[in-house]
>>> print(open('entry.cif').read())   # mmCIF, C-alpha atoms
data_final
#
loop_
_atom_site.label_atom_id
_atom_site.label_comp_id
_atom_site.auth_asym_id
_atom_site.auth_seq_id
_atom_site.Cartn_x
_atom_site.Cartn_y
_atom_site.Cartn_z
CA MET A 122 5.41 121.61 249.94
CA PHE A 123 5.45 118.12 248.41
CA ILE A 124 8.97 118.69 247.14
CA VAL A 125 10.21 119.86 250.58
CA ILE A 126 8.68 116.82 252.29
CA HIS A 127 10.15 114.56 249.59
CA SER A 128 13.62 116.04 250.09
CA LEU A 129 13.47 115.50 253.84
CA VAL A 130 12.24 111.92 253.49
CA THR A 131 14.82 111.10 250.86
CA SER A 132 17.65 112.65 252.88
CA VAL A 133 16.72 110.66 255.97
CA SER A 134 16.37 107.46 253.96
CA LEU A 135 19.72 108.00 252.24
CA THR A 136 21.44 108.68 255.57
CA ALA A 137 20.06 105.46 257.01
CA LEU A 138 21.02 103.59 253.87
CA GLU A 139 24.58 104.88 253.95
CA SER A 140 24.97 104.09 257.63
CA ARG A 141 23.93 100.48 257.01
CA ASN A 142 26.40 100.03 254.19
CA ALA A 143 29.04 102.65 253.62
CA THR A 144 30.56 100.69 250.74
CA MET A 145 27.32 100.31 248.76
CA HIS A 146 27.84 100.36 245.00
CA PHE A 147 25.55 102.63 242.95
CA VAL A 148 24.83 101.74 239.34
CA THR A 149 26.30 103.85 236.56
CA GLU A 150 24.33 102.22 233.74
CA PHE A 151 21.12 100.33 233.12
CA VAL A 152 20.35 97.28 231.00
CA LEU A 153 17.31 97.63 228.72
CA LEU A 154 16.04 94.12 228.02
CA GLY A 155 13.83 95.29 225.17
CA PHE A 156 11.99 92.51 223.33
CA PRO A 157 12.61 88.90 224.35
CA GLY A 158 13.29 86.07 221.93
CA GLN A 159 15.96 84.38 219.88
CA ARG A 160 18.21 86.21 217.42
CA GLU A 161 15.77 85.53 214.55
CA MET A 162 12.95 87.15 216.51
CA GLN A 163 15.23 90.05 217.43
CA ASN A 164 16.04 90.57 213.74
CA PHE A 165 12.33 90.56 212.94
CA PHE A 166 11.62 93.21 215.57
CA PHE A 167 14.55 95.27 214.31
CA SER A 168 13.32 95.16 210.70
CA LEU A 169 9.71 95.92 211.66
CA ILE A 170 10.57 98.86 213.90
CA LEU A 171 13.06 100.23 211.37
CA VAL A 172 10.40 100.20 208.64
CA VAL A 173 7.90 101.90 210.97
CA TYR A 174 10.49 104.53 211.85
CA LEU A 175 11.44 105.30 208.25
CA LEU A 176 7.79 105.47 207.15
CA THR A 177 7.04 107.80 210.06
CA LEU A 178 9.88 110.12 209.10
CA LEU A 179 8.75 110.06 205.47
CA GLY A 180 5.05 110.64 206.19
CA ASN A 181 5.48 113.43 208.70
CA GLY A 182 8.29 114.96 206.68
CA VAL A 183 6.00 115.15 203.65
CA ILE A 184 3.33 116.94 205.71
CA VAL A 185 5.90 119.47 206.98
CA TYR A 186 7.17 120.07 203.45
CA VAL A 187 3.70 120.36 201.90
CA VAL A 188 2.50 122.84 204.53
CA LYS A 189 5.63 124.93 203.97
CA TRP A 190 5.54 124.61 200.17
CA ASP A 191 1.83 125.22 199.44
CA LYS A 192 0.85 128.80 200.26
CA ARG A 193 -2.82 127.83 200.37
CA LEU A 194 -2.02 125.88 203.54
CA HIS A 195 -0.50 128.89 205.31
CA THR A 196 -3.48 129.09 207.66
CA PRO A 197 -3.61 128.49 211.44
CA MET A 198 -5.07 125.00 211.06
CA TYR A 199 -2.28 123.79 208.77
CA ILE A 200 0.46 125.69 210.58
CA LEU A 201 -0.55 123.75 213.70
CA LEU A 202 -0.66 120.53 211.68
CA GLY A 203 2.80 121.18 210.23
CA ASN A 204 4.24 121.80 213.70
CA PHE A 205 2.49 118.68 214.97
CA ALA A 206 4.05 116.58 212.20
CA PHE A 207 7.47 118.10 212.97
CA LEU A 208 6.92 117.24 216.63
CA GLU A 209 6.12 113.63 215.73
CA ILE A 210 9.44 113.29 213.93
CA TRP A 211 11.32 114.26 217.08
CA TYR A 212 8.98 112.31 219.36
CA ILE A 213 9.61 108.97 217.67
CA SER A 214 13.32 109.83 217.29
CA SER A 215 13.67 110.21 221.07
CA THR A 216 13.24 106.45 221.57
CA VAL A 217 13.34 104.38 218.38
CA PRO A 218 17.00 104.89 217.31
CA ASN A 219 18.20 103.79 220.75
CA MET A 220 15.67 100.95 220.65
CA LEU A 221 17.18 99.72 217.38
CA VAL A 222 20.70 99.93 218.80
CA THR A 223 19.59 98.01 221.90
CA ILE A 224 18.09 95.20 219.80
CA LEU A 225 21.40 94.70 217.96
CA SER A 226 23.58 95.18 221.02
CA GLU A 227 24.87 92.27 223.04
CA THR A 228 25.12 94.22 226.29
CA LYS A 229 21.93 96.31 225.82
CA THR A 230 23.24 98.95 228.21
CA ILE A 231 22.47 102.65 228.50
CA SER A 232 24.35 105.04 230.76
CA PHE A 233 22.70 106.56 233.82
CA THR A 234 22.85 110.02 232.24
CA GLY A 235 21.69 108.72 228.87
CA CYS A 236 18.72 106.99 230.50
CA PHE A 237 17.48 110.16 232.16
CA LEU A 238 18.14 112.27 229.07
CA GLN A 239 15.96 109.89 227.08
CA PHE A 240 13.38 110.08 229.87
CA TYR A 241 13.41 113.89 229.69
CA PHE A 242 13.10 114.27 225.92
CA PHE A 243 10.55 111.45 225.54
CA PHE A 244 8.24 112.86 228.20
CA SER A 245 8.80 116.50 227.24
CA LEU A 246 7.91 115.81 223.61
CA GLY A 247 4.90 113.75 224.72
CA THR A 248 3.75 116.65 226.91
CA THR A 249 4.20 119.04 223.99
CA GLU A 250 2.00 116.73 221.92
CA CYS A 251 -0.75 116.91 224.57
CA PHE A 252 -0.62 120.71 224.42
CA PHE A 253 -0.70 120.75 220.61
CA LEU A 254 -3.74 118.47 220.52
CA SER A 255 -5.50 120.83 222.92
CA VAL A 256 -4.66 123.90 220.82
CA MET A 257 -5.76 122.13 217.62
CA ALA A 258 -9.10 121.29 219.27
CA TYR A 259 -9.51 124.94 220.26
CA ASP A 260 -8.77 125.97 216.67
CA ARG A 261 -11.52 123.63 215.40
CA TYR A 262 -13.92 125.00 218.02
CA LEU A 263 -13.35 128.55 216.79
CA ALA A 264 -13.65 127.56 213.13
CA ILE A 265 -16.97 125.73 213.58
CA CYS A 266 -18.65 127.48 216.52
CA ARG A 267 -17.52 131.03 215.79
CA PRO A 268 -16.81 131.10 212.05
CA LEU A 269 -17.44 134.83 211.62
CA HIS A 270 -15.02 135.76 214.40
CA TYR A 271 -12.46 133.07 213.54
CA PRO A 272 -10.22 135.24 211.28
CA SER A 273 -10.07 138.04 213.86
CA ILE A 274 -9.42 135.70 216.82
CA MET A 275 -7.09 133.06 215.37
CA THR A 276 -4.69 135.47 213.71
CA GLY A 277 -1.26 134.54 212.48
CA LYS A 278 0.28 136.24 215.51
CA LEU A 279 -1.88 134.29 217.99
CA CYS A 280 -1.12 131.06 216.14
CA VAL A 281 2.63 131.65 216.44
CA ILE A 282 2.26 132.49 220.14
CA LEU A 283 0.29 129.28 220.78
CA VAL A 284 2.88 127.22 218.91
CA CYS A 285 5.71 128.74 220.96
CA VAL A 286 3.81 128.21 224.22
CA CYS A 287 3.27 124.54 223.38
CA TRP A 288 6.95 123.93 222.65
CA VAL A 289 8.35 125.91 225.58
CA SER A 290 5.88 124.71 228.22
CA GLY A 291 6.29 121.11 227.12
CA PHE A 292 10.01 121.22 227.84
CA LEU A 293 9.61 123.07 231.15
CA CYS A 294 7.28 120.55 232.77
CA TYR A 295 9.47 117.53 233.44
CA PRO A 296 12.78 118.72 234.96
CA ILE A 297 11.38 118.51 238.52
CA PRO A 298 10.07 114.89 238.31
CA ILE A 299 13.26 113.76 236.59
CA VAL A 300 15.47 115.39 239.21
CA LEU A 301 13.42 113.75 241.98
CA ILE A 302 13.70 110.29 240.42
CA SER A 303 17.39 110.66 239.52
CA GLN A 304 18.20 111.46 243.18
CA LEU A 305 16.88 108.08 244.33
CA PRO A 306 19.61 105.54 245.14
CA PHE A 307 20.00 102.81 242.50
CA CYS A 308 22.33 100.24 244.05
CA GLY A 309 21.38 97.23 241.96
CA PRO A 310 20.01 95.33 240.15
CA ASN A 311 20.12 97.57 237.10
CA ILE A 312 17.99 95.58 234.65
CA ILE A 313 14.99 97.40 233.17
CA ASP A 314 12.50 95.04 231.53
CA HIS A 315 11.52 97.63 228.94
CA PHE A 316 12.91 99.26 225.80
CA VAL A 317 12.79 102.84 227.16
CA CYS A 318 13.67 104.46 230.46
CA ASP A 319 10.24 104.71 232.05
CA PRO A 320 9.35 105.87 235.59
CA GLY A 321 7.58 102.63 236.55
CA PRO A 322 10.60 100.32 236.09
CA LEU A 323 12.93 102.99 237.56
CA PHE A 324 10.87 103.18 240.75
CA ALA A 325 11.04 99.38 240.98
CA LEU A 326 14.87 99.51 240.84
CA ALA A 327 15.28 102.10 243.60
CA CYS A 328 16.97 100.73 246.73
CA ILE A 329 14.47 102.41 249.02
CA PRO A 330 10.72 102.86 248.67
CA ALA A 331 9.83 106.37 247.55
CA PRO A 332 6.05 106.76 247.99
CA SER A 333 6.26 110.55 248.14
CA THR A 334 8.17 110.73 244.86
CA GLU A 335 5.76 108.29 243.20
CA LEU A 336 2.80 110.32 244.43
CA ILE A 337 4.30 113.57 243.10
CA CYS A 338 5.15 112.02 239.71
CA TYR A 339 1.81 110.32 239.15
CA THR A 340 -0.09 113.39 240.31
CA PHE A 341 2.04 115.43 237.92
CA ASN A 342 1.34 112.99 235.07
CA SER A 343 -2.39 113.06 235.78
CA VAL A 344 -2.50 116.87 235.70
CA ILE A 345 -0.53 117.03 232.43
CA ILE A 346 -2.71 114.36 230.80
CA PHE A 347 -6.13 115.37 232.11
CA GLY A 348 -5.64 119.13 231.77
CA PRO A 349 -5.31 119.14 227.96
CA PHE A 350 -7.72 116.20 227.69
CA LEU A 351 -10.52 118.08 229.49
CA SER A 352 -9.80 121.08 227.30
CA ILE A 353 -10.13 118.89 224.19
CA LEU A 354 -13.30 117.31 225.57
CA GLY A 355 -14.82 120.73 226.25
CA SER A 356 -13.94 122.03 222.78
CA TYR A 357 -15.46 119.04 221.00
CA THR A 358 -18.55 119.03 223.20
CA LEU A 359 -19.25 122.57 222.01
CA VAL A 360 -18.38 121.57 218.44
CA LEU A 361 -20.77 118.60 218.58
CA ARG A 362 -23.56 120.78 219.94
CA ALA A 363 -22.99 123.32 217.16
CA VAL A 364 -22.84 120.65 214.45
CA LEU A 365 -26.11 119.07 215.55
CA ARG A 366 -27.78 122.47 215.13
CA ILE A 367 -26.76 122.70 211.47
CA PRO A 368 -29.95 122.14 209.47
CA SER A 369 -28.37 120.60 206.37
CA GLY A 370 -26.95 117.11 206.34
CA ALA A 371 -24.18 118.24 204.01
CA GLY A 372 -23.08 120.87 206.50
CA GLN A 373 -22.99 118.32 209.31
CA THR A 374 -20.96 115.92 207.16
CA LYS A 375 -18.44 118.62 206.29
CA ALA A 376 -18.06 119.67 209.94
CA PHE A 377 -17.59 116.08 211.12
CA SER A 378 -15.08 115.47 208.32
CA THR A 379 -13.09 118.51 209.45
CA CYS A 380 -12.85 117.23 213.02
CA GLY A 381 -12.84 113.49 212.38
CA SER A 382 -9.12 113.13 211.75
CA HIS A 383 -8.22 115.08 214.87
CA LEU A 384 -10.60 113.03 217.01
CA MET A 385 -9.04 109.80 215.75
CA VAL A 386 -5.55 111.00 216.70
CA VAL A 387 -6.73 112.18 220.14
CA SER A 388 -8.49 108.87 220.85
CA LEU A 389 -5.49 106.75 219.85
CA PHE A 390 -2.92 108.85 221.70
CA TYR A 391 -4.84 109.49 224.91
CA GLY A 392 -6.31 105.99 225.11
CA THR A 393 -2.87 104.41 225.40
CA LEU A 394 -1.38 107.26 227.42
CA MET A 395 -3.95 106.98 230.20
CA VAL A 396 -3.38 103.25 230.52
CA MET A 397 0.29 103.88 231.26
CA TYR A 398 0.60 107.05 233.28
CA VAL A 399 -2.63 108.08 234.99
CA SER A 400 -2.18 105.39 237.64
CA PRO A 401 0.93 103.53 238.83
CA THR A 402 1.72 100.63 236.49
CA SER A 403 4.20 98.66 238.58
CA GLY A 404 1.60 95.89 238.93
CA ASN A 405 1.02 95.59 235.20
CA PRO A 406 2.85 92.88 233.25
CA ALA A 407 6.03 94.09 231.60
CA GLY A 408 4.84 92.79 228.24
CA MET A 409 1.68 94.89 228.44
CA GLN A 410 3.71 98.00 229.30
CA LYS A 411 5.92 97.43 226.27
CA ILE A 412 2.98 96.98 223.90
CA VAL A 413 1.15 100.08 225.14
CA THR A 414 4.33 102.17 225.06
CA LEU A 415 5.09 100.98 221.52
CA VAL A 416 1.60 102.00 220.37
CA TYR A 417 1.77 105.63 221.52
CA SER A 418 5.50 106.11 220.89
CA ALA A 419 5.80 104.51 217.43
CA VAL A 420 2.45 103.44 215.96
CA THR A 421 0.62 106.73 216.62
CA PRO A 422 3.27 108.90 214.89
CA LEU A 423 3.11 106.49 211.94
CA LEU A 424 -0.68 106.67 211.61
CA ASN A 425 -1.01 110.43 212.04
CA PRO A 426 0.16 111.33 208.49
CA LEU A 427 -2.19 108.71 207.01
CA ILE A 428 -5.13 109.95 209.07
CA TYR A 429 -4.58 113.61 208.25
CA SER A 430 -3.69 113.17 204.57
CA LEU A 431 -6.39 110.64 203.68
CA ARG A 432 -9.24 112.43 205.48
CA ASN A 433 -8.37 116.01 204.55
CA LYS A 434 -9.29 117.29 201.09
CA ASP A 435 -6.88 120.26 201.15
CA MET A 436 -3.98 118.02 202.14
CA LYS A 437 -4.85 115.50 199.42
CA ASP A 438 -5.03 118.26 196.81
CA ALA A 439 -1.69 119.69 197.95
CA LEU A 440 -0.08 116.24 197.84
CA LYS A 441 -1.44 115.62 194.35
CA LYS A 442 -0.11 118.98 193.22
CA LEU A 443 3.27 118.26 194.79
CA LEU A 444 3.50 114.87 193.13
CA GLY A 445 2.34 116.27 189.79
CA LEU A 446 -0.78 114.13 189.74
CA ARG A 447 -3.10 117.04 189.09
CA SER A 448 -2.51 117.57 185.42
CA ASN A 449 -4.78 118.88 182.73
CA PRO A 450 -7.33 116.32 181.58
CA VAL A 451 -6.35 114.43 178.48
CA VAL A 452 -8.50 115.23 175.46
CA TRP A 453 -8.60 112.50 172.87
CA LYS A 454 -8.64 113.80 169.32
CA PRO A 455 -9.35 111.73 166.24
CA ILE A 456 -6.36 111.11 164.03
#
>>> encode(input="entry.cif", output="structure tokens")
Amino acid sequence: MFIVIHSLVTSVSLTALESRNATMHFVTEFVLLGFPGQREMQNFFFSLILVVYLLTLLGNGVIVYVVKWDKRLHTPMYILLGNFAFLEIWYISSTVPNMLVTILSETKTISFTGCFLQFYFFFSLGTTECFFLSVMAYDRYLAICRPLHYPSIMTGKLCVILVCVCWVSGFLCYPIPIVLISQLPFCGPNIIDHFVCDPGPLFALACIPAPSTELICYTFNSVIIFGPFLSILGSYTLVLRAVLRIPSGAGQTKAFSTCGSHLMVVSLFYGTLMVMYVSPTSGNPAGMQKIVTLVYSAVTPLLNPLIYSLRNKDMKDALKKLLGLRSNPVVWKPI
């Protein structure tokens, strides 16, 4: 119903717009301003972001390889973690390479099609990440709250199905919002004060106000963000209740250690995501939007491998084995 009303409103607005100016020029490319500053500052940003990108590829790539290489990690928990690390590689790659090119470019332009393709992949991969975090929370709930039934519930087959559902559903969510926004008339200016194609700046560049489209998109964003988030919250509420019932302090420590890394990732990712997309951000300073976007699009994928590898004993053991650090103890013999 919303989409039908939006189409009617947009059609009427476009007709009125065309009748006022039949020779109106529509933009074919956008200018991404990126980070302000002199060339020295631009070079600094380029070097910093490039290092973050390479470290992210290395860290998440190592997790993917270790999970595939070590047969002891062929369990639902680590299969989900391996897919999550693989997702992070593509997630950061949907924005950072173009960001680096934009910093070095003199024109800083991106085509109309390229802008909306980046929009689609960036948001689809972000949605997939929300779904994966929800499934990983459900996996921890089963492991801690229903340990005896865990092997029979979270089977290899169910794990593969959940992984496929996360990937497919993540890429099926955003075609409608992107089509709605791309149909708005962009007749100039074409300057986006950001380093990615984001809905907030795009709405600001539209030649006509589009309250119905904004309402649909922000409602859509809220559902996608809060749906998995409430699922995660419910899972960890049950986990917390079960952990507090464990009589031994050692058991509680082990349970919290199992979930601690995941909770850190959820807090970092969702904290920044809600600032940007739960409510319209057109009134927020452009600098704040850039910082928040940089945190969840580049910093979070960088920290995830550190969080998971440093707080997880199995991952640390697998990494030591991979690097050859777990060798037989040296026995000193007298000469």
>>> resolve_selection(input="entry.cif", expression="the PyMOL selection byres ((chain A and resi 276-288) around 8)", output="ChimeraX atom specification")
/A:196-197,200-201,204,249,252-253,256,272-275,289-292
>>> atom_distance(input="entry.cif", atom1="atom CA of A:Phe240", atom2="atom CA of A:Tyr295")
9.1 Å
>>> resolve_selection(input="entry.cif", expression="the PyMOL selection byres ((chain A and resi 163-177) around 10)", output="compact mmCIF listing (two decimals) with C-alpha atoms, in the coordinates of the input")
# COMPACT_ATOMS: atom_id res chain seq x y z
CA GLY A 155 13.83 95.29 225.17
CA PHE A 156 11.99 92.51 223.33
CA PRO A 157 12.61 88.90 224.35
CA GLY A 158 13.29 86.07 221.93
CA GLN A 159 15.96 84.38 219.88
CA ARG A 160 18.21 86.21 217.42
CA GLU A 161 15.77 85.53 214.55
CA MET A 162 12.95 87.15 216.51
CA LEU A 178 9.88 110.12 209.10
CA LEU A 179 8.75 110.06 205.47
CA GLY A 180 5.05 110.64 206.19
CA ASN A 181 5.48 113.43 208.70
CA GLY A 182 8.29 114.96 206.68
CA VAL A 183 6.00 115.15 203.65
CA ALA A 206 4.05 116.58 212.20
CA GLU A 209 6.12 113.63 215.73
CA ILE A 210 9.44 113.29 213.93
CA ILE A 213 9.61 108.97 217.67
CA SER A 214 13.32 109.83 217.29
CA VAL A 217 13.34 104.38 218.38
CA PRO A 218 17.00 104.89 217.31
CA MET A 220 15.67 100.95 220.65
CA LEU A 221 17.18 99.72 217.38
CA VAL A 222 20.70 99.93 218.80
CA THR A 223 19.59 98.01 221.90
CA ILE A 224 18.09 95.20 219.80
CA LEU A 225 21.40 94.70 217.96
CA LEU A 415 5.09 100.98 221.52
CA ALA A 419 5.80 104.51 217.43
CA VAL A 420 2.45 103.44 215.96
CA THR A 421 0.62 106.73 216.62
CA PRO A 422 3.27 108.90 214.89
CA LEU A 423 3.11 106.49 211.94
CA LEU A 424 -0.68 106.67 211.61
CA ASN A 425 -1.01 110.43 212.04
CA PRO A 426 0.16 111.33 208.49
CA LEU A 427 -2.19 108.71 207.01
>>> closest_residue(input="entry.cif", among="A:Ser215, A:Ser430, A:Thr334, A:Thr374", to="A:Gly321", atoms="all atoms listed in the file")
A:Thr334
>>> residues_around(input="entry.cif", residues="A:Pro298", least_positions_apart="3", cutoff="10 Å", atoms="only C-alpha atoms", output="ChimeraX atom specification")
/A:124,241,294-295,301-303,320,334-335,337-339,341-342
>>> write_last_selection(input="entry.cif", atoms="C-alpha atoms", output="PDB file, keeping the file's coordinate frame")
ATOM      1  CA  ILE A 124       8.970 118.690 247.140  1.00  0.00           C
ATOM      2  CA  TYR A 241      13.410 113.890 229.690  1.00  0.00           C
ATOM      3  CA  CYS A 294       7.280 120.550 232.770  1.00  0.00           C
ATOM      4  CA  TYR A 295       9.470 117.530 233.440  1.00  0.00           C
ATOM      5  CA  LEU A 301      13.420 113.750 241.980  1.00  0.00           C
ATOM      6  CA  ILE A 302      13.700 110.290 240.420  1.00  0.00           C
ATOM      7  CA  SER A 303      17.390 110.660 239.520  1.00  0.00           C
ATOM      8  CA  PRO A 320       9.350 105.870 235.590  1.00  0.00           C
ATOM      9  CA  THR A 334       8.170 110.730 244.860  1.00  0.00           C
ATOM     10  CA  GLU A 335       5.760 108.290 243.200  1.00  0.00           C
ATOM     11  CA  ILE A 337       4.300 113.570 243.100  1.00  0.00           C
ATOM     12  CA  CYS A 338       5.150 112.020 239.710  1.00  0.00           C
ATOM     13  CA  TYR A 339       1.810 110.320 239.150  1.00  0.00           C
ATOM     14  CA  PHE A 341       2.040 115.430 237.920  1.00  0.00           C
ATOM     15  CA  ASN A 342       1.340 112.990 235.070  1.00  0.00           C
TER      16      ASN A 342
END
>>> atom_distance(input="entry.cif", atom1="atom CA of A:Ile329", atom2="atom CA of A:Pro296")
21.6 Å
>>> closest_residue(input="entry.cif", among="A:Glu227, A:Asp438, A:Asp319, A:Asp314", to="A:Ala407", atoms="all atoms listed in the file")
A:Asp314
>>> atom_distance(input="entry.cif", atom1="atom CA of A:Ile428", atom2="atom CA of A:Leu443")
18.5 Å
>>> closest_residue(input="entry.cif", among="A:Leu208, A:Leu154, A:Ile412, A:Val187", to="A:Ser226", atoms="all atoms listed in the file")
A:Leu154
>>> closest_residue(input="entry.cif", among="A:Ile231, A:Cys236, A:Cys380, A:Leu293", to="A:Asp260", atoms="all atoms listed in the file")
A:Cys380
>>> axis_aligned_box(input="entry.cif", around="stretch 248-263 of chain A", padding_each_side="4 Å", output="JSON")
{"center_x": -4.9, "center_y": 122.6, "center_z": 221.2, "size_x": 26.1, "size_y": 19.9, "size_z": 19.5}
>>> resolve_selection(input="entry.cif", expression="the PyMOL selection byres ((chain A and resi 326) around 10)", output="count of residues only")
20
>>> build_atoms(input="entry.cif", residues="stretch 264-277 of chain A", atoms="N, CA, C and O atoms", output="PDB file, keeping the file's coordinate frame")
ATOM      1  N   ALA A 264     -13.285 127.610 214.548  1.00  0.00           N
ATOM      2  CA  ALA A 264     -13.650 127.560 213.130  1.00  0.00           C
ATOM      3  C   ALA A 264     -15.094 127.141 212.916  1.00  0.00           C
ATOM      4  O   ALA A 264     -15.750 127.616 211.982  1.00  0.00           O
ATOM      5  N   ILE A 265     -15.617 126.260 213.779  1.00  0.00           N
ATOM      6  CA  ILE A 265     -16.970 125.730 213.580  1.00  0.00           C
ATOM      7  C   ILE A 265     -18.008 126.494 214.397  1.00  0.00           C
ATOM      8  O   ILE A 265     -19.096 126.791 213.902  1.00  0.00           O
ATOM      9  N   CYS A 266     -17.667 126.832 215.638  1.00  0.00           N
ATOM     10  CA  CYS A 266     -18.650 127.480 216.520  1.00  0.00           C
ATOM     11  C   CYS A 266     -18.674 129.002 216.370  1.00  0.00           C
ATOM     12  O   CYS A 266     -19.695 129.633 216.640  1.00  0.00           O
ATOM     13  N   ARG A 267     -17.578 129.573 215.951  1.00  0.00           N
ATOM     14  CA  ARG A 267     -17.520 131.030 215.790  1.00  0.00           C
ATOM     15  C   ARG A 267     -16.870 131.374 214.453  1.00  0.00           C
ATOM     16  O   ARG A 267     -15.812 132.030 214.401  1.00  0.00           O
ATOM     17  N   PRO A 268     -17.449 130.933 213.364  1.00  0.00           N
ATOM     18  CA  PRO A 268     -16.810 131.100 212.050  1.00  0.00           C
ATOM     19  C   PRO A 268     -16.627 132.559 211.634  1.00  0.00           C
ATOM     20  O   PRO A 268     -15.643 132.888 210.960  1.00  0.00           O
ATOM     21  N   LEU A 269     -17.555 133.427 212.020  1.00  0.00           N
ATOM     22  CA  LEU A 269     -17.440 134.830 211.620  1.00  0.00           C
ATOM     23  C   LEU A 269     -16.322 135.550 212.376  1.00  0.00           C
ATOM     24  O   LEU A 269     -15.707 136.481 211.842  1.00  0.00           O
ATOM     25  N   HIS A 270     -16.069 135.121 213.605  1.00  0.00           N
ATOM     26  CA  HIS A 270     -15.020 135.760 214.400  1.00  0.00           C
ATOM     27  C   HIS A 270     -13.671 135.041 214.283  1.00  0.00           C
ATOM     28  O   HIS A 270     -12.676 135.528 214.815  1.00  0.00           O
ATOM     29  N   TYR A 271     -13.674 133.875 213.611  1.00  0.00           N
ATOM     30  CA  TYR A 271     -12.460 133.070 213.540  1.00  0.00           C
ATOM     31  C   TYR A 271     -11.258 133.828 212.971  1.00  0.00           C
ATOM     32  O   TYR A 271     -10.167 133.809 213.570  1.00  0.00           O
ATOM     33  N   PRO A 272     -11.398 134.542 211.823  1.00  0.00           N
ATOM     34  CA  PRO A 272     -10.220 135.240 211.280  1.00  0.00           C
ATOM     35  C   PRO A 272      -9.669 136.321 212.203  1.00  0.00           C
ATOM     36  O   PRO A 272      -8.456 136.554 212.223  1.00  0.00           O
ATOM     37  N   SER A 273     -10.550 136.967 212.973  1.00  0.00           N
ATOM     38  CA  SER A 273     -10.070 138.040 213.860  1.00  0.00           C
ATOM     39  C   SER A 273      -9.512 137.501 215.163  1.00  0.00           C
ATOM     40  O   SER A 273      -8.700 138.169 215.815  1.00  0.00           O
ATOM     41  N   ILE A 274      -9.936 136.289 215.571  1.00  0.00           N
ATOM     42  CA  ILE A 274      -9.420 135.700 216.820  1.00  0.00           C
ATOM     43  C   ILE A 274      -8.147 134.907 216.550  1.00  0.00           C
ATOM     44  O   ILE A 274      -7.106 135.155 217.145  1.00  0.00           O
ATOM     45  N   MET A 275      -8.243 133.913 215.661  1.00  0.00           N
ATOM     46  CA  MET A 275      -7.090 133.060 215.370  1.00  0.00           C
ATOM     47  C   MET A 275      -6.249 133.705 214.273  1.00  0.00           C
ATOM     48  O   MET A 275      -6.198 133.266 213.124  1.00  0.00           O
ATOM     49  N   THR A 276      -5.570 134.773 214.642  1.00  0.00           N
ATOM     50  CA  THR A 276      -4.690 135.470 213.710  1.00  0.00           C
ATOM     51  C   THR A 276      -3.361 134.733 213.591  1.00  0.00           C
ATOM     52  O   THR A 276      -3.057 133.828 214.385  1.00  0.00           O
ATOM     53  N   GLY A 277      -2.575 135.142 212.622  1.00  0.00           N
ATOM     54  CA  GLY A 277      -1.260 134.540 212.480  1.00  0.00           C
ATOM     55  C   GLY A 277      -0.391 134.756 213.695  1.00  0.00           C
ATOM     56  O   GLY A 277       0.358 133.861 214.119  1.00  0.00           O
TER      57      GLY A 277
END
